[in-house]
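Chemist: Structure in structure tokens, see below.
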Amino acid sequence: MANFKLFGGTDPGDVAGPDSVAVIGLGRFGRALALELMAHGTEVLGVDRDESVVQSLNGRLTHVAAADVTSEEAMRQLAVDEFDHVVVAIASNLEASILTTSLMLQFKIPELWAKAVSEPHRAILEQLGVRHIVFPEQDMGRRVAHMVRGSLQDYILIDEDYALAKTTPHQGILGRELGVLDVRRRHGVTITAVKHAQGGWEPATAQTVLAADDIILVSGPAKKTEGFRRIR
């Protein structure tokens, strides 16, 4: 039998449903991810080599286990191979990250996510065939840089050259229907939603008229989306 210690619940196999998630590696990122999933009603199996880390999450996740995450035997005994969603959130040990990710690919996990800590690490994960790669530090750095430079309230890079930004409308698009302004043709972006000062979010239409204290969601090519707020 593999050497592991299980805390909380009984059999992890009972958790391995279509909507449950196994999070391997419970450092800052993995811990935050697992707790956020739990807060939204998702059952979570958390696995880490460090027993003290695992004990600190006992009772906060559906199941937590201290185990060698690179061991096929241990992962099978913890029913990780039965999960549809697995996140490899290991950051401190590159070798463990690669070996564990390879093991998950061997298990043919339908939805596998892996954290990268550097560009070479990302390249290796891509070569292994991981479709979903998370680079939290770099992604957040890019996001904040765009927000600081572009006077945006929020910024998400959807793809390499496509973004979604949360901002306020500039003077040139106030007080007239969006259909008349033809924002997409003139500026190369689309205003997709608006939140008026005294209301909630609603889809933007050709009849929408914006006020200075509105908040809008703008989508389009990254550079045009970032620069839209600065247009006068």
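Please note that chains go A, B, ... in the order of the structure tokens, that every chain numbers its residues from 1, and that ligands are numbered from 1 in the order shown.
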For Leu157 (chain A), list every protein, DNA or RNA residue within 8 Å, evaluated using only C-alpha atoms, and leave out those in the same chain fewer than 5 positions away; present the list as a VMD selection string.

Modeler: chain A and resid 143 162 to 164 222

Chemist: Closest to Val23 (chain A) among A:Ile158, A:Val87, A:Val69, A:Leu35, using only C-alpha atoms?

Modeler: A:Val87

Chemist: What does the structure give for the distance between CA of Thr101 (chain A) and CA of Asp161 (chain A), in Å to one decimal?

Modeler: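 Atom-to-atom, CA of Thr101 (chain A) and CA of Asp161 (chain A) are spaced 27.9 Å apart.
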
Chemist: Select, from A:Ser56, A:Ala123, A:Ala22, A:Asp48, the residue with the minimum atom-to-atom distance to Met104 (chain A), counting only C-alpha atoms.

Modeler: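 Residue with the minimum atom-to-atom distance to Met104 (chain A): A:Ala22.
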
Chemist: Could you tell me which of A:Leu210, A:Ser71, A:Phe83, A:Arg185 comes closest to Leu99 (chain A) if we count only C-alpha atoms?

Modeler: A:Ser71

Chemist: Please identify which residues in region 1-199 of chain A DSSP calls strand (DSSP E) from the backbone, and express them as an NGL selection string.

Modeler: :A and (4-7 or 21-24 or 44-48 or 63-67 or 85-88 or 111-115 or 132-134 or 154-159 or 162-167 or 190-195)

Chemist: Would you please work out which residue, of A:Pro136, A:Gly25, A:Gly141, A:Gly41, is nearest to Ser97 (chain A) when using only C-alpha atoms?

Modeler: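 Once distances to Ser97 (chain A) are computed over only C-alpha atoms, the minimum belongs to A:Gly25.
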
Chemist: Would you list the contacts of Leu181 (chain A) as a list in words, taking every protein, DNA or RNA residue within 12 Å and counting only C-alpha atoms, but skipping same-chain residues closer than 4 positions in sequence?

Modeler: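 Residues meeting the cut-off are Gly172, Ile173, Leu174, Gly175, Arg176, Glu177, Arg185, Arg186, His187, Thr190, Ile191, Thr205, Ala206, Gln207, Thr208, Val209 and Leu210 of chain A.
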
Chemist: Next, the residues of the selection above should be written as a compact mmCIF listing (two decimals), in the first residue's frame with C-alpha atoms.

Modeler:
```txt
# COMPACT_ATOMS: atom_id res chain seq x y z
CA GLY A 172 -17.17 61.29 -27.02
CA ILE A 173 -19.75 58.51 -26.53
CA LEU A 174 -22.02 60.14 -23.95
CA GLY A 175 -25.62 61.14 -24.49
CA ARG A 176 -26.25 59.43 -27.85
CA GLU A 177 -27.48 55.97 -28.82
CA ARG A 185 -16.57 50.67 -36.86
CA ARG A 186 -15.03 53.87 -35.51
CA HIS A 187 -12.93 52.42 -32.69
CA THR A 190 -17.57 46.49 -28.87
CA ILE A 191 -19.41 47.78 -25.80
CA THR A 205 -27.87 47.51 -27.33
CA ALA A 206 -28.03 49.90 -30.26
CA GLN A 207 -30.50 51.96 -28.23
CA THR A 208 -28.30 52.23 -25.12
CA VAL A 209 -27.39 55.79 -24.11
CA LEU A 210 -24.41 56.22 -21.78
```

Chemist: Compare A:Ala67, A:Ile124, A:Ala89, A:Ile216 by their minimum atom-to-atom distance to Gly200 (chain A), counting only C-alpha atoms, and give me the closest one.

Modeler: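 Looking at the shortest contact to Gly200 (chain A), the residue is A:Ile216.
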
Chemist: With distances taken over only C-alpha atoms, which of A:Asp19, A:Glu111, A:Asp50, A:Asp154 is nearest to Ile215 (chain A)?

Modeler: A:Asp154

Chemist: Could you tell me how far CA of Ile133 (chain A) lies from CA of Leu112 (chain A), in Å and to one decimal?

Modeler: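 A separation of 8.8 Å between them.
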
Chemist: What is the distance between CA of Gly30 (chain A) and CA of Ser52 (chain A), in Å to one decimal?

Modeler: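 Taking CA of Gly30 (chain A) as the start and CA of Ser52 (chain A) as the end point, the length is 14.9 Å.
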
Chemist: Please identify the helix (DSSP H, G or I) residues within region 116-161 of chain A (assignment by DSSP from backbone atoms) and present them as a list in words.

Modeler: Glu119, Pro120, His121, Arg122, Ala123, Ile124, Leu125, Glu126, Gln127, Leu128, Pro136, Glu137, Gln138, Asp139, Met140, Gly141, Arg142, Arg143, Val144, Ala145, His146, Met147, Val148, Arg149 and Gly150 of chain A

Chemist: With N, CA, C and O atoms retained, export the selected residues as a short mmCIF file (atom, residue, chain, number, x, y, z; two decimals), in the first residue's frame.

Modeler:
```
data_model
loop_
_atom_site.label_atom_id
_atom_site.label_comp_id
_atom_site.auth_asym_id
_atom_site.auth_seq_id
_atom_site.Cartn_x
_atom_site.Cartn_y
_atom_site.Cartn_z
N GLU A 119 8.50 30.73 -17.76
CA GLU A 119 8.27 30.46 -19.18
C GLU A 119 8.79 29.08 -19.60
O GLU A 119 8.10 28.36 -20.34
N PRO A 120 9.99 28.66 -19.15
CA PRO A 120 10.42 27.28 -19.48
C PRO A 120 9.46 26.23 -18.94
O PRO A 120 9.20 25.22 -19.59
N HIS A 121 8.95 26.46 -17.73
CA HIS A 121 7.98 25.54 -17.14
C HIS A 121 6.73 25.48 -18.00
O HIS A 121 6.20 24.40 -18.29
N ARG A 122 6.25 26.65 -18.43
CA ARG A 122 5.08 26.68 -19.30
C ARG A 122 5.34 25.91 -20.59
O ARG A 122 4.49 25.15 -21.06
N ALA A 123 6.53 26.10 -21.17
CA ALA A 123 6.87 25.42 -22.42
C ALA A 123 6.86 23.90 -22.25
O ALA A 123 6.37 23.17 -23.12
N ILE A 124 7.36 23.43 -21.12
CA ILE A 124 7.38 21.99 -20.86
C ILE A 124 5.95 21.46 -20.73
O ILE A 124 5.62 20.40 -21.29
N LEU A 125 5.11 22.19 -20.01
CA LEU A 125 3.72 21.76 -19.85
C LEU A 125 3.00 21.71 -21.20
O LEU A 125 2.22 20.80 -21.47
N GLU A 126 3.29 22.69 -22.05
CA GLU A 126 2.70 22.70 -23.39
C GLU A 126 3.18 21.50 -24.19
O GLU A 126 2.40 20.86 -24.91
N GLN A 127 4.47 21.17 -24.09
CA GLN A 127 5.02 20.02 -24.82
C GLN A 127 4.42 18.71 -24.33
O GLN A 127 4.25 17.77 -25.11
N LEU A 128 4.08 18.66 -23.05
CA LEU A 128 3.45 17.46 -22.51
C LEU A 128 2.03 17.29 -23.04
O LEU A 128 1.49 16.19 -23.04
N PRO A 136 -0.21 32.40 -12.73
CA PRO A 136 -0.84 33.44 -11.91
C PRO A 136 -0.03 34.73 -11.78
O PRO A 136 -0.57 35.82 -11.93
N GLU A 137 1.26 34.61 -11.49
CA GLU A 137 2.07 35.80 -11.27
C GLU A 137 2.17 36.64 -12.54
O GLU A 137 1.96 37.85 -12.53
N GLN A 138 2.47 36.00 -13.66
CA GLN A 138 2.60 36.74 -14.91
C GLN A 138 1.25 37.30 -15.36
O GLN A 138 1.16 38.46 -15.78
N ASP A 139 0.20 36.48 -15.26
CA ASP A 139 -1.11 36.93 -15.70
C ASP A 139 -1.58 38.12 -14.88
O ASP A 139 -2.13 39.08 -15.41
N MET A 140 -1.37 38.07 -13.56
CA MET A 140 -1.79 39.19 -12.71
C MET A 140 -0.93 40.42 -12.98
O MET A 140 -1.42 41.55 -12.98
N GLY A 141 0.37 40.21 -13.24
CA GLY A 141 1.24 41.33 -13.57
C GLY A 141 0.78 42.05 -14.83
O GLY A 141 0.73 43.28 -14.88
N ARG A 142 0.44 41.29 -15.86
CA ARG A 142 -0.07 41.88 -17.09
C ARG A 142 -1.38 42.62 -16.84
O ARG A 142 -1.59 43.73 -17.34
N ARG A 143 -2.24 42.01 -16.05
CA ARG A 143 -3.55 42.60 -15.78
C ARG A 143 -3.42 43.95 -15.08
O ARG A 143 -4.02 44.94 -15.47
N VAL A 144 -2.58 43.98 -14.03
CA VAL A 144 -2.40 45.22 -13.28
C VAL A 144 -1.72 46.28 -14.13
O VAL A 144 -2.05 47.46 -14.07
N ALA A 145 -0.74 45.86 -14.96
CA ALA A 145 -0.04 46.81 -15.82
C ALA A 145 -1.01 47.51 -16.76
O ALA A 145 -0.94 48.74 -16.95
N HIS A 146 -1.92 46.76 -17.35
CA HIS A 146 -2.91 47.35 -18.25
C HIS A 146 -3.85 48.28 -17.49
O HIS A 146 -4.24 49.34 -18.00
N MET A 147 -4.20 47.90 -16.28
CA MET A 147 -5.10 48.73 -15.49
C MET A 147 -4.43 50.06 -15.12
O MET A 147 -5.03 51.13 -15.20
N VAL A 148 -3.15 49.98 -14.71
CA VAL A 148 -2.43 51.18 -14.31
C VAL A 148 -2.20 52.10 -15.50
O VAL A 148 -2.44 53.31 -15.45
N ARG A 149 -1.77 51.52 -16.60
CA ARG A 149 -1.42 52.32 -17.77
C ARG A 149 -2.65 52.83 -18.51
O ARG A 149 -2.63 53.92 -19.08
N GLY A 150 -3.72 52.09 -18.47
CA GLY A 150 -4.88 52.44 -19.28
C GLY A 150 -6.05 53.03 -18.53
O GLY A 150 -7.10 53.23 -19.11
#
```

Chemist: Could you name the residues that touch Lys166 (chain A) at 10 Å or less, counting only C-alpha atoms, but leaving out those on the same chain fewer than 3 positions away, as a ChimeraX atom specification?

Modeler: /A:147,151-156,169,191,193-194,215-219,225-226,229
